[in-house]
Amino acid sequence: MEQSRIAHPIGTALDRFIKNNQGQFQYASGELSQLLRDLALASKVVNREVNKAGLIDIMGPVGSTNTTGEQQQKLDVLANIRFTRALTKGGEACAIISEETESYTDLQNDGKYVIAIDPLDGSSNIDVNVSIGTIFSIYRRKTPIGSPITDEDILQTGEEQVAAGYILYGSSTMLVYTTGHGVNGFTLEPTLGEYVLSHPDMTIPEDGTTYSINEGMANHFPEQVKKYIQYCKDNNYRARYIGSLVADFHRNLLKGGIYIYPSTKKDPGGKLRLMYECNALAFLAEQAGGAATDGQQRILTIRPADLHQRTPLFIGSKRMVERACGVSG
Ligand code: P6P
């Protein structure tokens with residue numbers, strides 16, 4: 001039977017919303033609520049730094065690369081520090097998997113949750129003032145509290161997420177998350193410093209006419225993807241590609257559409273990372289009535305072998321994903 005939905009009046013503050021819906025969490029003991037608050041707090045600090053990046057010396061590259069060989073931007077490193085500090089102080093997380101660190105961070109505490117996070121995705125857009133985002137997944141640790149963290153706690157499939165979301169630092173700043181009971185979006189009211197409910201019960205249109213893909217690499221796409229892109233053109237679809245996954249995903253969530261980052265000759269396993277980019281967005285997409293696959297299987301069923309494992313990604317409106325993957329004609 002459909003869980004009785006609590007009324008979600010627009011304007012409800014995030015804290016109040018979390019409290020009102022705490023009963024939906026399988027482990028309704030308040031820790032997950034506190035964890036979401038810790039992430040929201042850190043995002044407000046990152047938002048402040050993103051919004052004034054041009055005024056203080058935090059733009060541009062640090063001069064180092066992250067674990068996946070990508071040039072780290074100063075704001076990447078700052079965001080990672082902010083989220084790690086908030087989660088450490090909050091005490092609910094026992095380990096953090098981050099794009100910015102080679103291995104996971106063991107917080108040496110009795111926290112029940114493991115966080116996988118891309119602290120600032122789309123960093124190549126930071127210096128040109130284009131929207132960027134934070135992506136997070138929340139898992140419960142599997143081994144007993146007090147015992148050492150193991151790969152069993154860290155390398156979990158996307159289906160085992162207990163919550164996931166993103167923060168979009170765009171024309172407004174939004175926090176969008178799910179705990180497995182639908183998707184809700186909150187807009188930061190800057191004068192109050194509060195996230196308030198602006199997009200209750202978000203659902204993605206079953207079909208759409210917007211496709212997001214870097215066509216500059218079209219010569220390196222698999223034949224099925226080339227065929228689908230031609231189908232989009234033959235049907236006068238709209239091409240929109242921001243170069244920030246969170247921004248493209250958010251637009252498609254609201255309006256309908258598909259985002260594709262396929263395997264290419266340069267990145268045969270795809271470019272995007274399973275643990276801290278794709279799993280969270282796949283959970284959100286499915287909760288909103290959409291779909292997310294690697295071209296063959298649901299993203300959420302992929303068993304990770306490595307923290308920084310990459311995967312091809314087809315995500316968005318269900319009908320569009322099916323057609324792009326050749327499931328439907
Ligand atoms: P390309 C940003 O680095 C990112 O991870 C996503 O946010 C974005 O959609 C994609 O990579 C852009 O990659 O190869 O098209 O520049």
# chains A, B, ... in the order shown; residues from 1 in each chain; ligands from 1
call {"tool": "residues_around", "arguments": {"residues": "A:Ser263", "least_positions_apart": "2", "cutoff": "8 Å", "atoms": "only C-alpha atoms", "output": "CSV table (one decimal) with N, CA, C and O atoms, in the first residue's frame"}}
result
chain,number,residue,atom,x,y,z
A,221,PHE,N,32.1,7.5,-30.8
A,221,PHE,CA,31.0,6.8,-30.1
A,221,PHE,C,30.7,5.4,-30.7
A,221,PHE,O,31.0,5.2,-31.9
A,222,PRO,N,30.2,4.6,-29.9
A,222,PRO,CA,29.7,3.3,-30.4
A,222,PRO,C,28.6,3.5,-31.4
A,222,PRO,O,27.9,4.5,-31.4
A,261,TYR,N,26.9,9.9,-21.5
A,261,TYR,CA,28.4,9.9,-21.6
A,261,TYR,C,28.8,8.4,-21.9
A,261,TYR,O,28.9,7.6,-21.0
A,265,LYS,N,36.6,5.7,-27.6
A,265,LYS,CA,37.9,5.1,-27.8
A,265,LYS,C,38.9,5.7,-26.8
A,265,LYS,O,39.7,4.9,-26.2
A,267,ASP,N,38.0,6.8,-23.6
A,267,ASP,CA,37.6,6.3,-22.3
A,267,ASP,C,36.7,5.1,-22.6
A,267,ASP,O,35.5,5.2,-22.5
A,268,PRO,N,37.3,3.9,-22.9
A,268,PRO,CA,36.4,2.7,-23.2
A,268,PRO,C,35.4,2.4,-22.1
A,268,PRO,O,34.3,1.9,-22.3
A,269,GLY,N,35.8,2.7,-20.8
A,269,GLY,CA,34.9,2.4,-19.7
A,269,GLY,C,34.0,3.5,-19.4
A,269,GLY,O,33.3,3.5,-18.4
A,270,GLY,N,34.1,4.6,-20.2
A,270,GLY,CA,33.3,5.8,-19.9
A,270,GLY,C,34.1,6.7,-19.1
A,270,GLY,O,35.2,6.4,-18.6
A,271,LYS,N,33.7,7.9,-18.9
A,271,LYS,CA,34.5,8.9,-18.1
A,271,LYS,C,33.9,9.1,-16.7
A,271,LYS,O,34.7,9.3,-15.8
A,311,THR,N,32.1,4.4,-15.5
A,311,THR,CA,31.0,3.6,-16.2
A,311,THR,C,30.4,4.5,-17.3
A,311,THR,O,30.3,5.7,-17.1
A,312,PRO,N,30.0,3.9,-18.4
A,312,PRO,CA,29.2,4.7,-19.4
A,312,PRO,C,27.9,5.1,-18.7
A,312,PRO,O,27.5,4.4,-17.8
call {"tool": "select_by_dssp", "arguments": {"residues": "stretch 111-202 of chain A", "states": "alpha helix (DSSP H)", "output": "NGL selection string"}}
result
:A and (151-154)
call {"tool": "write_last_selection", "arguments": {"atoms": "N, CA, C and O atoms", "output": "PDB file, in the first residue's frame"}}
result
ATOM      1  N   ASP A 151      36.184  -3.402   2.781  1.00  0.00           N
ATOM      2  CA  ASP A 151      35.627  -3.176   1.438  1.00  0.00           C
ATOM      3  C   ASP A 151      34.135  -3.497   1.407  1.00  0.00           C
ATOM      4  O   ASP A 151      33.385  -2.966   0.593  1.00  0.00           O
ATOM      5  N   GLU A 152      33.684  -4.364   2.292  1.00  0.00           N
ATOM      6  CA  GLU A 152      32.244  -4.687   2.365  1.00  0.00           C
ATOM      7  C   GLU A 152      31.424  -3.438   2.682  1.00  0.00           C
ATOM      8  O   GLU A 152      30.307  -3.262   2.207  1.00  0.00           O
ATOM      9  N   ASP A 153      32.026  -2.536   3.460  1.00  0.00           N
ATOM     10  CA  ASP A 153      31.337  -1.275   3.798  1.00  0.00           C
ATOM     11  C   ASP A 153      31.444  -0.266   2.661  1.00  0.00           C
ATOM     12  O   ASP A 153      30.573   0.576   2.469  1.00  0.00           O
ATOM     13  N   ILE A 154      32.555  -0.373   1.929  1.00  0.00           N
ATOM     14  CA  ILE A 154      32.904   0.682   0.961  1.00  0.00           C
ATOM     15  C   ILE A 154      32.367   0.369  -0.430  1.00  0.00           C
ATOM     16  O   ILE A 154      31.737   1.206  -1.063  1.00  0.00           O
TER      17      ILE A 154
END
call {"tool": "residues_around", "arguments": {"residues": "stretch 73-87 of chain A", "least_positions_apart": "4", "cutoff": "8 Å", "atoms": "only C-alpha atoms", "output": "short mmCIF file (atom, residue, chain, number, x, y, z; two decimals) with N, CA and C atoms, in the first residue's frame"}}
result
data_model
loop_
_atom_site.label_atom_id
_atom_site.label_comp_id
_atom_site.auth_asym_id
_atom_site.auth_seq_id
_atom_site.Cartn_x
_atom_site.Cartn_y
_atom_site.Cartn_z
N LEU A 35 22.80 13.59 9.32
CA LEU A 35 23.75 13.50 8.21
C LEU A 35 23.34 14.44 7.08
N ASP A 38 24.16 17.90 8.05
CA ASP A 38 25.61 18.18 7.96
C ASP A 38 25.99 18.50 6.50
N LEU A 39 25.43 17.71 5.57
CA LEU A 39 25.75 17.94 4.15
C LEU A 39 25.18 19.30 3.70
N LEU A 41 24.67 21.92 5.54
CA LEU A 41 25.48 22.99 6.14
C LEU A 41 26.75 23.22 5.32
N ALA A 42 27.44 22.13 5.00
CA ALA A 42 28.69 22.26 4.22
C ALA A 42 28.41 22.90 2.87
N SER A 43 27.27 22.55 2.28
CA SER A 43 26.96 23.09 0.95
C SER A 43 26.75 24.61 1.01
N VAL A 45 28.41 26.63 2.94
CA VAL A 45 29.75 27.22 2.99
C VAL A 45 30.38 27.19 1.60
N VAL A 46 30.23 26.06 0.91
CA VAL A 46 30.78 25.94 -0.45
C VAL A 46 30.09 26.94 -1.37
N GLU A 49 31.57 30.29 -1.07
CA GLU A 49 32.88 30.39 -1.71
C GLU A 49 32.78 30.38 -3.23
N VAL A 50 31.85 29.57 -3.74
CA VAL A 50 31.63 29.54 -5.20
C VAL A 50 31.15 30.90 -5.69
N ILE A 58 40.69 31.87 -5.16
CA ILE A 58 40.38 30.44 -5.08
C ILE A 58 39.95 29.91 -6.43
N MET A 59 40.27 30.67 -7.49
CA MET A 59 39.95 30.13 -8.81
C MET A 59 41.19 29.49 -9.39
N GLY A 60 40.96 28.80 -10.50
CA GLY A 60 42.11 28.24 -11.21
C GLY A 60 42.61 26.95 -10.59
N PRO A 61 43.60 26.34 -11.24
CA PRO A 61 44.12 25.04 -10.78
C PRO A 61 45.04 25.19 -9.57
N VAL A 62 45.06 24.12 -8.80
CA VAL A 62 45.94 24.08 -7.64
C VAL A 62 47.36 23.79 -8.09
N GLY A 63 47.45 23.05 -9.23
CA GLY A 63 48.79 22.64 -9.69
C GLY A 63 49.01 21.17 -9.39
N GLY A 91 29.77 13.45 13.01
CA GLY A 91 29.94 12.17 13.71
C GLY A 91 29.06 11.05 13.23
N GLU A 92 28.20 11.28 12.22
CA GLU A 92 27.30 10.20 11.78
C GLU A 92 27.93 9.33 10.69
N ALA A 93 28.97 9.84 10.04
CA ALA A 93 29.63 9.08 8.96
C ALA A 93 30.90 8.45 9.51
N ILE A 96 34.46 8.20 4.31
CA ILE A 96 34.13 9.05 3.15
C ILE A 96 34.92 8.59 1.93
N SER A 98 35.84 9.91 -1.75
CA SER A 98 35.79 11.20 -2.44
C SER A 98 36.60 11.15 -3.74
N GLU A 100 38.35 13.35 -4.66
CA GLU A 100 39.60 14.10 -4.42
C GLU A 100 40.62 13.34 -3.59
N PRO A 119 32.83 16.32 -4.40
CA PRO A 119 32.59 17.59 -3.72
C PRO A 119 32.24 18.74 -4.67
N LEU A 120 32.85 18.74 -5.84
CA LEU A 120 32.53 19.80 -6.79
C LEU A 120 32.71 19.27 -8.21
N SER A 123 34.21 21.03 -12.44
CA SER A 123 35.15 22.08 -12.00
C SER A 123 35.75 22.85 -13.17
N SER A 124 35.77 22.23 -14.36
CA SER A 124 36.34 22.99 -15.50
C SER A 124 35.50 24.23 -15.78
N ILE A 126 34.30 26.22 -13.38
CA ILE A 126 34.36 27.16 -12.24
C ILE A 126 34.81 28.54 -12.71
#
call {"tool": "residues_near_ligand", "arguments": {"ligand": "ligand 1", "cutoff": "9 Å", "atoms": "only C-alpha atoms and all ligand atoms", "output": "count of residues only"}}
result
31
call {"tool": "select_by_dssp", "arguments": {"residues": "stretch 60-279 of chain A", "states": "strand (DSSP E)", "output": "mmCIF file with C-alpha atoms, in the first residue's frame"}}
result
data_model
loop_
_atom_site.group_PDB
_atom_site.id
_atom_site.type_symbol
_atom_site.label_atom_id
_atom_site.label_comp_id
_atom_site.auth_asym_id
_atom_site.auth_seq_id
_atom_site.Cartn_x
_atom_site.Cartn_y
_atom_site.Cartn_z
ATOM 1 C CA PRO A 61 44.123 25.045 -10.785
ATOM 2 C CA VAL A 62 45.941 24.083 -7.638
ATOM 3 C CA GLY A 63 48.786 22.641 -9.689
ATOM 4 C CA SER A 64 48.058 19.053 -8.626
ATOM 5 C CA THR A 65 45.915 16.283 -10.038
ATOM 6 C CA GLN A 71 43.651 18.817 -12.824
ATOM 7 C CA GLN A 72 42.406 19.844 -9.347
ATOM 8 C CA GLN A 73 40.878 23.299 -9.112
ATOM 9 C CA ALA A 93 29.626 9.084 8.964
ATOM 10 C CA CYS A 94 32.364 6.505 9.621
ATOM 11 C CA ALA A 95 34.023 6.758 6.186
ATOM 12 C CA ILE A 96 34.129 9.046 3.151
ATOM 13 C CA ILE A 97 34.816 8.089 -0.454
ATOM 14 C CA SER A 98 35.785 11.199 -2.442
ATOM 15 C CA THR A 105 38.916 8.387 4.633
ATOM 16 C CA ASP A 106 38.303 6.378 7.813
ATOM 17 C CA TYR A 113 27.006 5.641 7.465
ATOM 18 C CA VAL A 114 29.447 5.690 4.551
ATOM 19 C CA ILE A 115 29.398 8.730 2.235
ATOM 20 C CA ALA A 116 30.515 8.753 -1.391
ATOM 21 C CA ILE A 117 30.918 12.294 -2.693
ATOM 22 C CA ASP A 118 32.067 14.358 -5.647
ATOM 23 C CA PRO A 119 32.587 17.594 -3.722
ATOM 24 C CA LEU A 120 32.532 19.805 -6.790
ATOM 25 C CA ASP A 121 31.618 18.320 -10.167
ATOM 26 C CA ILE A 132 28.649 23.359 -10.965
ATOM 27 C CA GLY A 133 27.479 20.805 -8.426
ATOM 28 C CA THR A 134 28.095 18.469 -5.503
ATOM 29 C CA ILE A 135 26.916 14.843 -5.755
ATOM 30 C CA PHE A 136 26.545 12.519 -2.751
ATOM 31 C CA SER A 137 25.473 8.966 -1.890
ATOM 32 C CA ILE A 138 24.756 7.634 1.599
ATOM 33 C CA TYR A 139 25.181 3.948 2.546
ATOM 34 C CA ARG A 140 24.887 2.153 5.868
ATOM 35 C CA GLN A 161 22.052 3.479 -1.009
ATOM 36 C CA VAL A 162 19.807 4.720 1.803
ATOM 37 C CA ALA A 163 19.855 8.284 0.478
ATOM 38 C CA ALA A 164 21.404 10.331 -2.337
ATOM 39 C CA GLY A 165 21.307 13.832 -3.724
ATOM 40 C CA TYR A 166 23.054 16.783 -5.261
ATOM 41 C CA ILE A 167 23.550 20.486 -4.705
ATOM 42 C CA LEU A 168 23.409 22.644 -7.832
ATOM 43 C CA TYR A 169 25.282 25.966 -7.561
ATOM 44 C CA THR A 173 21.385 27.098 -5.276
ATOM 45 C CA MET A 174 19.317 23.930 -4.904
ATOM 46 C CA LEU A 175 19.544 20.792 -2.811
ATOM 47 C CA VAL A 176 17.732 17.799 -4.349
ATOM 48 C CA TYR A 177 17.635 14.468 -2.513
ATOM 49 C CA THR A 178 15.849 11.167 -2.005
ATOM 50 C CA VAL A 183 12.555 13.180 -4.828
ATOM 51 C CA ASN A 184 12.254 16.655 -3.314
ATOM 52 C CA GLY A 185 14.021 19.891 -4.231
ATOM 53 C CA PHE A 186 14.938 22.747 -1.897
ATOM 54 C CA THR A 187 16.066 26.225 -2.890
ATOM 55 C CA LEU A 188 18.512 28.175 -0.737
ATOM 56 C CA GLU A 189 16.970 31.419 0.483
ATOM 57 C CA GLU A 194 17.836 28.324 4.783
ATOM 58 C CA TYR A 195 16.933 25.657 2.238
ATOM 59 C CA VAL A 196 13.172 25.744 1.675
ATOM 60 C CA LEU A 197 11.016 23.252 -0.228
ATOM 61 C CA SER A 198 10.451 24.589 -3.752
ATOM 62 C CA HIS A 199 10.011 21.398 -5.824
ATOM 63 C CA THR A 210 16.344 17.243 -25.325
ATOM 64 C CA TYR A 211 19.588 15.302 -25.523
ATOM 65 C CA SER A 212 22.848 16.091 -23.729
ATOM 66 C CA ARG A 238 17.092 20.031 -28.971
ATOM 67 C CA ALA A 239 20.801 19.616 -28.075
ATOM 68 C CA ILE A 258 18.545 12.312 -21.708
ATOM 69 C CA TYR A 259 22.196 12.747 -20.748
ATOM 70 C CA ILE A 260 24.685 10.363 -22.350
ATOM 71 C CA TYR A 261 28.370 9.892 -21.614
#
call {"tool": "residues_around", "arguments": {"residues": "stretch 281-297 of chain A", "least_positions_apart": "6", "cutoff": "6 Å", "atoms": "only C-alpha atoms", "output": "list in words"}}
result
Gly182, Thr203, Ile204, Pro312, Leu313, Phe314, Ile315, Gly316, Ser317, Lys318 and Cys325 of chain A
call {"tool": "atom_distance", "arguments": {"atom1": "atom CA of A:Gly257", "atom2": "atom CA of A:Ala324"}}
result
11.4 Å
